[in-house]
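Source file: data_36.cif (mmCIF, C-alpha atoms and all ligand atoms)
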data_start
#
loop_
_atom_site.label_atom_id
_atom_site.label_comp_id
_atom_site.auth_asym_id
_atom_site.auth_seq_id
_atom_site.Cartn_x
_atom_site.Cartn_y
_atom_site.Cartn_z
CA MET T 1 -29.74 -14.99 44.00
CA SER T 2 -26.76 -13.22 45.43
CA THR T 3 -27.51 -9.80 44.03
CA SER T 4 -28.19 -7.50 46.93
CA THR T 5 -28.31 -4.45 44.71
CA THR T 6 -31.26 -2.10 44.81
CA ALA T 7 -31.16 -1.47 41.06
CA PRO T 8 -34.51 -2.30 39.47
CA ALA T 9 -34.56 -5.59 37.61
CA ALA T 10 -34.14 -5.50 33.85
CA ILE T 11 -35.18 -9.13 33.57
CA THR T 12 -37.06 -11.38 35.95
CA ALA T 13 -38.20 -14.89 35.21
CA LEU T 14 -40.08 -17.40 37.30
CA GLY T 15 -40.47 -21.08 36.62
CA LEU T 16 -39.65 -21.11 32.91
CA ARG T 17 -40.24 -24.52 31.40
CA LYS T 18 -39.84 -25.80 27.89
CA SER T 19 -39.92 -29.27 26.40
CA TYR T 20 -39.55 -30.53 22.86
CA GLY T 21 -41.58 -33.72 22.69
CA ASP T 22 -40.64 -35.65 25.78
CA LYS T 23 -37.26 -33.94 26.01
CA VAL T 24 -37.26 -31.47 28.89
CA VAL T 25 -35.01 -28.57 27.82
CA LEU T 26 -35.76 -26.06 30.60
CA ASP T 27 -36.93 -27.46 33.88
CA GLY T 28 -37.99 -24.40 35.90
CA ILE T 29 -35.66 -21.43 35.51
CA ASP T 30 -35.82 -18.42 37.87
CA LEU T 31 -33.80 -15.30 37.15
CA THR T 32 -33.39 -11.77 38.47
CA ILE T 33 -31.04 -9.54 36.51
CA PRO T 34 -30.45 -5.99 37.76
CA LYS T 35 -30.46 -3.11 35.32
CA GLY T 36 -27.04 -2.11 34.02
CA SER T 37 -25.38 -5.40 34.90
CA ILE T 38 -23.88 -8.26 32.94
CA PHE T 39 -25.45 -11.63 33.53
CA ALA T 40 -23.81 -14.76 32.16
CA LEU T 41 -25.73 -17.95 31.58
CA LEU T 42 -22.99 -20.51 31.53
CA GLY T 43 -23.37 -24.05 30.31
CA PRO T 44 -22.08 -26.69 27.95
CA ASN T 45 -23.50 -27.39 24.51
CA GLY T 46 -27.13 -28.46 24.67
CA ALA T 47 -27.69 -27.10 28.19
CA GLY T 48 -30.60 -24.89 27.07
CA LYS T 49 -28.90 -21.50 26.76
CA THR T 50 -30.25 -20.57 23.34
CA THR T 51 -33.70 -21.81 24.32
CA THR T 52 -33.65 -19.45 27.33
CA VAL T 53 -32.64 -16.52 25.12
CA GLU T 54 -35.32 -17.40 22.57
CA ILE T 55 -38.01 -17.44 25.25
CA LEU T 56 -36.94 -14.20 26.95
CA SER T 57 -36.65 -12.42 23.61
CA THR T 58 -40.17 -13.64 22.67
CA LEU T 59 -38.96 -15.67 19.67
CA ILE T 60 -40.54 -18.81 21.08
CA ALA T 61 -43.12 -19.42 23.79
CA ALA T 62 -42.36 -21.16 27.07
CA ASP T 63 -44.63 -24.06 28.06
CA SER T 64 -45.09 -22.38 31.43
CA GLY T 65 -43.57 -19.73 33.65
CA LYS T 66 -43.56 -15.95 33.66
CA ALA T 67 -41.04 -13.31 32.74
CA GLN T 68 -40.79 -9.54 32.70
CA ILE T 69 -38.33 -7.84 30.43
CA ALA T 70 -37.78 -4.09 30.84
CA GLY T 71 -40.90 -4.15 33.01
CA TYR T 72 -43.08 -5.71 30.31
CA ASP T 73 -44.75 -9.08 30.47
CA MET T 74 -43.13 -11.44 27.99
CA VAL T 75 -46.50 -12.77 26.76
CA GLU T 76 -49.02 -9.96 27.27
CA GLN T 77 -46.67 -7.20 26.09
CA ALA T 78 -44.42 -9.07 23.68
CA GLU T 79 -44.35 -6.18 21.21
CA ARG T 80 -43.05 -3.79 23.88
CA VAL T 81 -40.50 -6.32 25.00
CA ARG T 82 -39.22 -6.59 21.43
CA LYS T 83 -38.85 -2.82 21.20
CA SER T 84 -36.78 -2.75 24.39
CA ILE T 85 -34.27 -5.43 23.51
CA GLY T 86 -31.60 -6.33 21.00
CA VAL T 87 -30.62 -9.89 20.21
CA THR T 88 -27.35 -11.03 18.70
CA GLY T 89 -27.95 -14.67 17.97
CA GLN T 90 -25.56 -17.55 17.85
CA PHE T 91 -25.76 -17.40 14.08
CA SER T 92 -24.95 -14.20 12.33
CA ALA T 93 -27.62 -11.83 11.05
CA VAL T 94 -25.05 -10.21 8.75
CA ASP T 95 -25.95 -10.19 5.04
CA ASN T 96 -22.86 -11.32 3.17
CA LEU T 97 -23.82 -9.55 -0.05
CA LEU T 98 -24.01 -6.14 1.63
CA THR T 99 -21.17 -3.97 2.86
CA ALA T 100 -20.72 -3.23 6.55
CA GLU T 101 -22.26 0.19 6.02
CA GLU T 102 -25.21 -1.20 4.08
CA ASN T 103 -25.89 -3.82 6.74
CA LEU T 104 -26.03 -1.09 9.39
CA MET T 105 -28.18 1.24 7.25
CA LEU T 106 -30.56 -1.65 6.62
CA MET T 107 -30.96 -2.09 10.38
CA ALA T 108 -31.60 1.64 10.73
CA ASP T 109 -34.35 1.38 8.09
CA LEU T 110 -35.88 -1.68 9.74
CA ASN T 111 -35.99 0.33 12.97
CA HIS T 112 -37.68 3.27 11.20
CA LEU T 113 -34.90 5.70 12.02
CA PRO T 114 -34.91 8.90 9.97
CA LYS T 115 -32.28 8.70 7.19
CA ALA T 116 -29.94 11.30 8.71
CA GLU T 117 -30.10 9.64 12.12
CA GLY T 118 -29.45 6.24 10.54
CA ARG T 119 -26.39 7.59 8.74
CA ARG T 120 -25.10 9.21 11.92
CA ARG T 121 -25.46 6.03 13.99
CA THR T 122 -23.94 3.93 11.23
CA ALA T 123 -20.87 6.16 11.03
CA ASP T 124 -20.61 6.22 14.80
CA LEU T 125 -20.82 2.45 15.15
CA LEU T 126 -18.34 1.81 12.33
CA GLU T 127 -15.91 4.09 14.13
CA ARG T 128 -16.51 2.61 17.58
CA PHE T 129 -16.11 -0.94 16.30
CA ASP T 130 -13.04 -0.08 14.27
CA LEU T 131 -14.78 -1.00 11.03
CA THR T 132 -14.49 2.33 9.24
CA GLU T 133 -11.88 1.02 6.82
CA ALA T 134 -14.03 -2.00 6.04
CA ALA T 135 -17.21 0.07 5.68
CA LYS T 136 -17.41 -0.27 1.90
CA LYS T 137 -16.37 -3.92 1.72
CA THR T 138 -18.91 -6.71 1.43
CA ALA T 139 -19.28 -8.73 4.60
CA ALA T 140 -18.38 -11.89 2.67
CA THR T 141 -14.74 -10.76 2.85
CA PHE T 142 -14.78 -10.31 6.65
CA SER T 143 -12.93 -12.39 9.21
CA GLY T 144 -14.90 -14.09 11.96
CA GLY T 145 -14.00 -11.34 14.42
CA MET T 146 -15.08 -8.54 12.07
CA ARG T 147 -18.33 -10.30 11.31
CA ARG T 148 -19.09 -10.73 14.99
CA LYS T 149 -18.37 -7.05 15.62
CA LEU T 150 -20.63 -6.03 12.74
CA ASP T 151 -23.33 -8.33 14.08
CA LEU T 152 -23.18 -6.64 17.48
CA ALA T 153 -23.06 -3.19 15.87
CA MET T 154 -26.25 -4.07 13.96
CA THR T 155 -27.96 -4.93 17.25
CA LEU T 156 -26.89 -1.55 18.63
CA VAL T 157 -28.35 0.54 15.81
CA ALA T 158 -31.67 0.65 17.63
CA ALA T 159 -29.92 1.53 20.92
CA PRO T 160 -31.72 -1.12 23.00
CA GLY T 161 -31.47 -0.97 26.79
CA ILE T 162 -31.23 -4.74 27.12
CA ILE T 163 -29.07 -6.88 24.88
CA PHE T 164 -29.03 -10.64 24.56
CA LEU T 165 -25.74 -12.01 23.30
CA ASP T 166 -25.87 -15.71 22.53
CA GLU T 167 -22.30 -17.04 22.62
CA PRO T 168 -20.78 -13.81 21.30
CA THR T 169 -17.22 -15.09 21.20
CA THR T 170 -17.53 -18.78 20.37
CA GLY T 171 -14.97 -19.63 17.72
CA LEU T 172 -13.18 -16.29 17.89
CA ASP T 173 -9.42 -16.06 18.25
CA PRO T 174 -8.14 -14.67 21.58
CA ARG T 175 -7.51 -11.18 20.20
CA SER T 176 -11.01 -10.81 18.72
CA ARG T 177 -12.43 -12.20 21.94
CA ARG T 178 -10.69 -9.46 23.95
CA ILE T 179 -12.02 -6.80 21.58
CA MET T 180 -15.57 -8.14 22.01
CA TRP T 181 -15.13 -8.16 25.78
CA ASP T 182 -14.05 -4.52 25.73
CA LEU T 183 -17.02 -3.55 23.57
CA ILE T 184 -19.39 -5.36 25.93
CA ARG T 185 -17.86 -3.65 28.98
CA ASP T 186 -18.29 -0.28 27.25
CA LEU T 187 -21.97 -0.95 26.69
CA VAL T 188 -22.54 -1.74 30.33
CA ARG T 189 -20.69 1.40 31.38
CA GLN T 190 -23.30 3.30 29.39
CA GLY T 191 -26.09 1.61 31.32
CA THR T 192 -27.02 -1.25 29.02
CA THR T 193 -28.04 -4.55 30.59
CA ILE T 194 -26.35 -7.57 29.03
CA PHE T 195 -27.68 -11.11 29.06
CA LEU T 196 -24.85 -13.23 27.80
CA THR T 197 -24.61 -16.93 27.17
CA THR T 198 -21.28 -18.64 27.07
CA GLN T 199 -19.54 -21.99 27.24
CA TYR T 200 -16.40 -20.27 28.42
CA LEU T 201 -15.84 -20.21 32.13
CA GLU T 202 -13.17 -17.58 31.66
CA GLU T 203 -15.55 -15.35 29.75
CA ALA T 204 -18.13 -15.44 32.53
CA ASP T 205 -15.38 -14.85 35.05
CA GLN T 206 -14.04 -11.85 33.10
CA LEU T 207 -17.30 -10.15 32.23
CA ALA T 208 -20.20 -11.08 34.40
CA ASP T 209 -21.49 -9.43 37.56
CA ASN T 210 -23.60 -12.51 38.12
CA ILE T 211 -23.28 -15.99 36.74
CA ALA T 212 -25.74 -18.86 36.63
CA LEU T 213 -24.62 -22.36 35.75
CA LEU T 214 -27.13 -24.14 33.54
CA ASP T 215 -26.90 -27.88 33.33
CA HIS T 216 -29.57 -30.17 31.90
CA GLY T 217 -32.18 -27.41 32.01
CA LYS T 218 -31.65 -26.45 35.64
CA LEU T 219 -29.67 -23.67 37.28
CA ILE T 220 -27.28 -25.58 39.48
CA ALA T 221 -25.49 -22.56 40.95
CA GLU T 222 -25.71 -18.78 40.92
CA GLY T 223 -23.66 -15.89 42.20
CA THR T 224 -20.68 -13.71 41.45
CA ALA T 225 -17.57 -15.45 40.14
CA ASP T 226 -16.03 -15.13 43.60
CA GLU T 227 -19.10 -16.53 45.32
CA LEU T 228 -19.11 -19.51 43.01
CA LYS T 229 -15.42 -20.10 43.57
CA ARG T 230 -15.98 -20.03 47.31
CA LEU T 231 -18.48 -22.87 46.95
CA ILE T 232 -15.67 -25.26 46.37
CA PRO T 233 -12.41 -26.21 47.93
CA GLY T 234 -9.43 -26.73 45.66
CA GLY T 235 -6.95 -23.97 46.50
CA HIS T 236 -3.49 -25.39 46.90
CA VAL T 237 0.21 -24.73 46.73
CA ARG T 238 2.34 -26.97 44.57
CA LEU T 239 6.00 -27.51 45.38
CA GLN T 240 8.34 -28.92 42.78
CA PHE T 241 11.40 -30.91 43.87
CA ALA T 242 14.58 -31.95 42.12
CA ASP T 243 14.53 -35.58 43.22
CA ALA T 244 12.50 -38.23 45.02
CA ALA T 245 14.49 -38.00 48.25
CA GLN T 246 13.72 -34.32 48.72
CA LEU T 247 10.07 -34.92 47.83
CA ALA T 248 9.86 -37.67 50.44
CA ALA T 249 11.53 -35.50 53.06
CA ALA T 250 9.12 -32.65 52.41
CA ALA T 251 6.10 -34.97 52.31
CA SER T 252 6.99 -36.32 55.75
CA VAL T 253 6.72 -32.89 57.39
CA PHE T 254 3.51 -31.68 55.81
CA GLY T 255 0.54 -33.45 57.35
CA VAL T 256 -2.16 -33.00 54.74
CA ALA T 257 -0.39 -33.09 51.41
CA THR T 258 -0.57 -35.16 48.28
CA SER T 259 2.73 -36.17 46.80
CA ASP T 260 3.16 -37.22 43.22
CA GLU T 261 6.33 -39.24 42.69
CA GLU T 262 6.13 -39.08 38.93
CA SER T 263 6.09 -35.29 38.65
CA LEU T 264 8.12 -34.85 41.89
CA THR T 265 5.52 -32.44 43.23
CA LEU T 266 3.84 -32.00 46.55
CA GLN T 267 0.37 -30.46 46.69
CA ILE T 268 -0.57 -28.73 49.93
CA PRO T 269 -4.05 -27.32 50.62
CA SER T 270 -3.85 -23.54 50.91
CA ASP T 271 -6.09 -20.52 50.78
CA GLY T 272 -3.33 -18.69 48.87
CA SER T 273 -2.92 -16.02 51.57
CA THR T 274 0.57 -14.65 52.29
CA THR T 275 0.30 -15.88 55.89
CA ASN T 276 -0.32 -19.38 54.71
CA LEU T 277 2.47 -19.23 52.11
CA ARG T 278 4.93 -17.99 54.72
CA ALA T 279 3.97 -20.85 57.04
CA ILE T 280 4.63 -23.34 54.26
CA LEU T 281 8.02 -21.80 53.50
CA ASP T 282 8.90 -21.80 57.21
CA VAL T 283 8.21 -25.52 57.43
CA LEU T 284 10.37 -26.09 54.37
CA ASP T 285 13.20 -24.09 55.96
CA THR T 286 13.19 -26.20 59.11
CA THR T 287 13.51 -29.40 57.07
CA GLU T 288 16.38 -28.00 55.03
CA VAL T 289 14.71 -29.33 51.93
CA HIS T 290 14.97 -27.19 48.87
CA ALA T 291 11.98 -26.76 46.57
CA GLU T 292 12.77 -25.91 42.97
CA SER T 293 9.60 -23.89 42.55
CA LEU T 294 6.34 -23.00 44.22
CA THR T 295 3.07 -22.29 42.44
CA VAL T 296 -0.23 -21.17 43.92
CA HIS T 297 -3.47 -22.54 42.53
CA THR T 298 -6.68 -20.73 43.43
CA PRO T 299 -9.88 -22.47 42.40
CA ASP T 300 -11.38 -21.23 39.15
CA LEU T 301 -14.76 -21.72 37.56
CA ASP T 302 -13.55 -24.95 35.96
CA ASP T 303 -13.20 -26.36 39.44
CA VAL T 304 -16.70 -25.12 40.27
CA PHE T 305 -18.16 -26.83 37.25
CA LEU T 306 -16.33 -30.05 37.99
CA THR T 307 -17.43 -30.02 41.62
CA LEU T 308 -21.07 -29.26 40.90
CA THR T 309 -21.60 -31.53 37.92
CA GLY T 310 -19.07 -34.23 38.65
CA ARG T 311 -17.59 -33.92 35.19
CA PRO T 312 -15.01 -31.66 33.62
CA LYS T 313 -16.21 -29.02 31.22
CA THR T 314 -13.66 -30.02 28.62
CA ASP T 315 -15.92 -31.81 26.15
CA ASP T 316 -16.37 -28.54 24.28
CA PRO T 317 -14.09 -26.34 22.20
CA ALA T 318 -13.75 -23.92 25.08
CA HIS T 319 -10.11 -24.42 25.81
CA LEU T 320 -8.85 -21.06 24.91
CA PRO T 321 -5.37 -21.76 23.59
CA HIS T 322 -6.66 -24.42 21.20
CA GLN T 323 -9.53 -22.44 19.75
CA PRO T 324 -10.62 -23.61 16.34
CA LYS T 325 -10.89 -20.74 13.92
CA GLU T 326 -14.27 -19.38 13.01
CA SER T 327 -16.24 -22.13 11.35
CA ALA T 328 -18.60 -21.55 8.47
CA ARG T 329 -21.82 -20.08 9.74
N1 LIG O 401 -36.57 -26.64 17.93
C1 LIG O 401 -36.12 -27.67 18.63
N2 LIG O 401 -36.66 -28.90 18.49
C2 LIG O 401 -36.21 -29.95 19.21
N3 LIG O 401 -35.22 -29.88 20.10
C3 LIG O 401 -34.63 -28.69 20.29
C4 LIG O 401 -35.05 -27.53 19.58
N4 LIG O 401 -34.29 -26.48 19.99
C5 LIG O 401 -33.44 -26.98 20.90
N5 LIG O 401 -33.65 -28.29 21.11
C6 LIG O 401 -32.91 -29.16 22.05
O1 LIG O 401 -32.90 -28.52 23.30
C7 LIG O 401 -31.65 -28.71 23.96
C8 LIG O 401 -31.07 -27.38 24.35
O2 LIG O 401 -30.74 -26.66 23.16
P1 LIG O 401 -30.14 -25.20 23.19
O3 LIG O 401 -31.05 -24.31 23.96
O4 LIG O 401 -29.86 -24.82 21.78
O5 LIG O 401 -28.79 -25.43 24.01
P2 LIG O 401 -27.48 -24.54 24.08
O6 LIG O 401 -27.77 -23.23 23.44
O7 LIG O 401 -27.19 -24.44 25.54
O8 LIG O 401 -26.41 -25.30 23.36
C9 LIG O 401 -30.79 -29.50 22.99
O9 LIG O 401 -30.80 -30.85 23.38
C10 LIG O 401 -31.45 -29.29 21.67
O10 LIG O 401 -31.24 -30.37 20.83
MG MG O 402 -26.89 -22.25 21.90
#

Here is the file; what I need is its structure written in the form of structure tokens.
Amino acid sequence: MSTSTTAPAAITALGLRKSYGDKVVLDGIDLTIPKGSIFALLGPNGAGKTTTVEILSTLIAADSGKAQIAGYDMVEQAERVRKSIGVTGQFSAVDNLLTAEENLMLMADLNHLPKAEGRRRTADLLERFDLTEAAKKTAATFSGGMRRKLDLAMTLVAAPGIIFLDEPTTGLDPRSRRIMWDLIRDLVRQGTTIFLTTQYLEEADQLADNIALLDHGKLIAEGTADELKRLIPGGHVRLQFADAAQLAAAASVFGVATSDEESLTLQIPSDGSTTNLRAILDVLDTTEVHAESLTVHTPDLDDVFLTLTGRPKTDDPAHLPHQPKESAR
């Protein structure tokens, strides 16, 4: 684990295993998540993300392995663990027949808050989540984004120190996703520890202090987004030319470059530094070849996933511009 912080761990896990029948879902998961940080468990559909959340939040039992959550043993002190955490599941806990306010007040009651305190927190959360106007409307009328916000607000009624968010933005439009991200960042600023699962590489990149890539029940890589990106090559500069002759002329002077005759582009390995870019431009100058445009590509988490698993992570709905709208849930 890359975390060199001295913050005490909010969550530690050692050798978590879980199988359903002869299907191995988790094949030995170790985790250390510092207090007050955002951890993202990143993986495609079926990787075992929800199973991990269910085990750590004591909803289901692991076949073997140990974990401490907020300092409590997941098995021996399950009740204490439950009191220290909040879980926003992949499927909404919102009651459609109740208003936003009623849903929040219900959570306050379930958490045995005194009435006045429950009302205060409800009002506060409605305000913070920009749901005040919708407070008296039944949740059935809410958009996907509003529902997801209400769901998170309901988790926060009890003011837990550790929050599990299982795919909090799956199916949300880009604007609602940004709002959720901001709310999550706010929570962490106040000291909350977030355990987030996501299929979105960009989401992990944006939010997480530490990321673990889960694939077929194993963590195949861990670290900060930058550390993961450094695991792989893939940075390059792409030059676009007006015609094949110029492309050929440029290709002849760059030693290690891949030229693509169809798109009239030349791809040159580069770390993206200004020194390197200047060197490339200098070479171009000496050849008197004119490039129409230059773009810099730094490796992103998609490249990491591709490199580590040997397959693109595009078999899911995670491609942000083509997000399907909230599906029925
Ligand atoms: N209760 C269950 N019974 C049988 N198989 C299950 C059960 N829960 C999950 N699985 C299987 O475990 C694998 C991981 O599931 P899950 O943890 O939900 O993945 P993710 O949340 O990453 O999409 C899947 O192949 C799923 O079908
Ligand atoms: Mg899941």

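Using only C-alpha atoms, the shortest contact distance between T:Asp27 and any of T:Asp302, T:Asp63, T:Glu262, T:Glu203 is found at T:Asp63.
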
Point to revise | Residues within 10 Å of (-41.7, -18.0, 31.5), counting all atoms listed in the file, listed as a list in words | key: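 The distance filter leaves exactly Thr12, Ala13, Leu14, Gly15, Leu16, Arg17, Lys18, Gly28, Ile29, Asp30, Thr52, Ile55, Leu56, Thr58, Ala61, Ala62, Asp63, Ser64, Gly65, Lys66, Ala67, Gln68, Asp73, Met74 and Val75 of chain T.
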
Exercise for review: Select the residues contacting ligand LIG 401 (chain O) at a distance of at most 7 Å, based on all atoms listed in the file, then format the selection as a list in words.
Suggested key: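 Residues lying within 7 Å of ligand LIG 401 (chain O): Tyr20, Val25, Gly43, Pro44, Asn45, Gly46, Ala47, Gly48, Lys49, Thr50, Thr51 and Thr52 of chain T.
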
Practice item. May I have the protein, DNA and RNA residues with an atom at most 9 Å from (-4.5, -19.9, 43.9), counting only C-alpha atoms in the file's coordinates, returned as number ranges by chain? Key: T: 234-237, 270-273, 295-300

Review point. Smallest atom-to-atom distance to ligand MG 402 (chain O): which of T:Ala204, T:Ala139, T:Leu213, T:Leu42, using only C-alpha atoms and all ligand atoms?
Key: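 Nearest to ligand MG 402 (chain O): T:Leu42.
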
Review point. Taking all atoms listed in the file into account, which of T:Ile232, T:Leu106, T:Ala70, T:Ala40 comes nearest T:Pro8?
Key: T:Ala70

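Nearest to ligand MG 402 (chain O) of all the residues T:Gln267, T:Asn111, T:Gln90, T:Asn96 is T:Gln90, based on all atoms listed in the file.
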
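Of the listed residues T:Leu41, T:Val81, T:Leu219, T:Ile268, the one whose atoms come nearest to ligand MG 402 (chain O) is T:Leu41, with distances taken using all atoms listed in the file.
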
Review point. Which residues, written as a PyMOL selection string, have at least one atom at most 10 Å from stretch 244-260 of chain T, with only C-alpha atoms counted and residues fewer than 5 positions away on the same chain left out?
Key: chain T and resi 236-239+265-269+280+283-284+286-291

Produce the centre coordinates and the three edge lengths, each in Å to one decimal, of the box along x, y and z that contains all listed atoms of stretch 193-203 of chain T with 6 Å added on each side, as AutoDock Vina command-line options.
--center_x -20.6 --center_y -13.3 --center_z 29.6 --size_x 26.9 --size_y 29.4 --size_z 17.1

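The gap separating atom CA of T:Gln190 from atom CA of T:Lys83 is 18.6 Å, in Å to one decimal.
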
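Distance annotation: of T:Ile60, T:Leu207, T:Val87, T:Leu183, the residue with the minimal separation from T:Ile38 is T:Leu207; atom set is all atoms listed in the file.
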
Exercise for review: Work out how far atom CA of T:Ile179 is from atom CA of T:Phe129, in Å to one decimal.
Suggested key: 8.9 Å

Exercise for review: Please identify all polymer residues within 7 Å of T:Phe39, counting only C-alpha atoms, omitting same-chain residues fewer than 5 positions from it, and present them as a ChimeraX atom specification.
Suggested key: /T:33,194-196,208-211

Point to revise | Separation of atom CA of T:Arg121 from atom CA of T:Ala153, in Å and rounded to one decimal | key: 9.7 Å
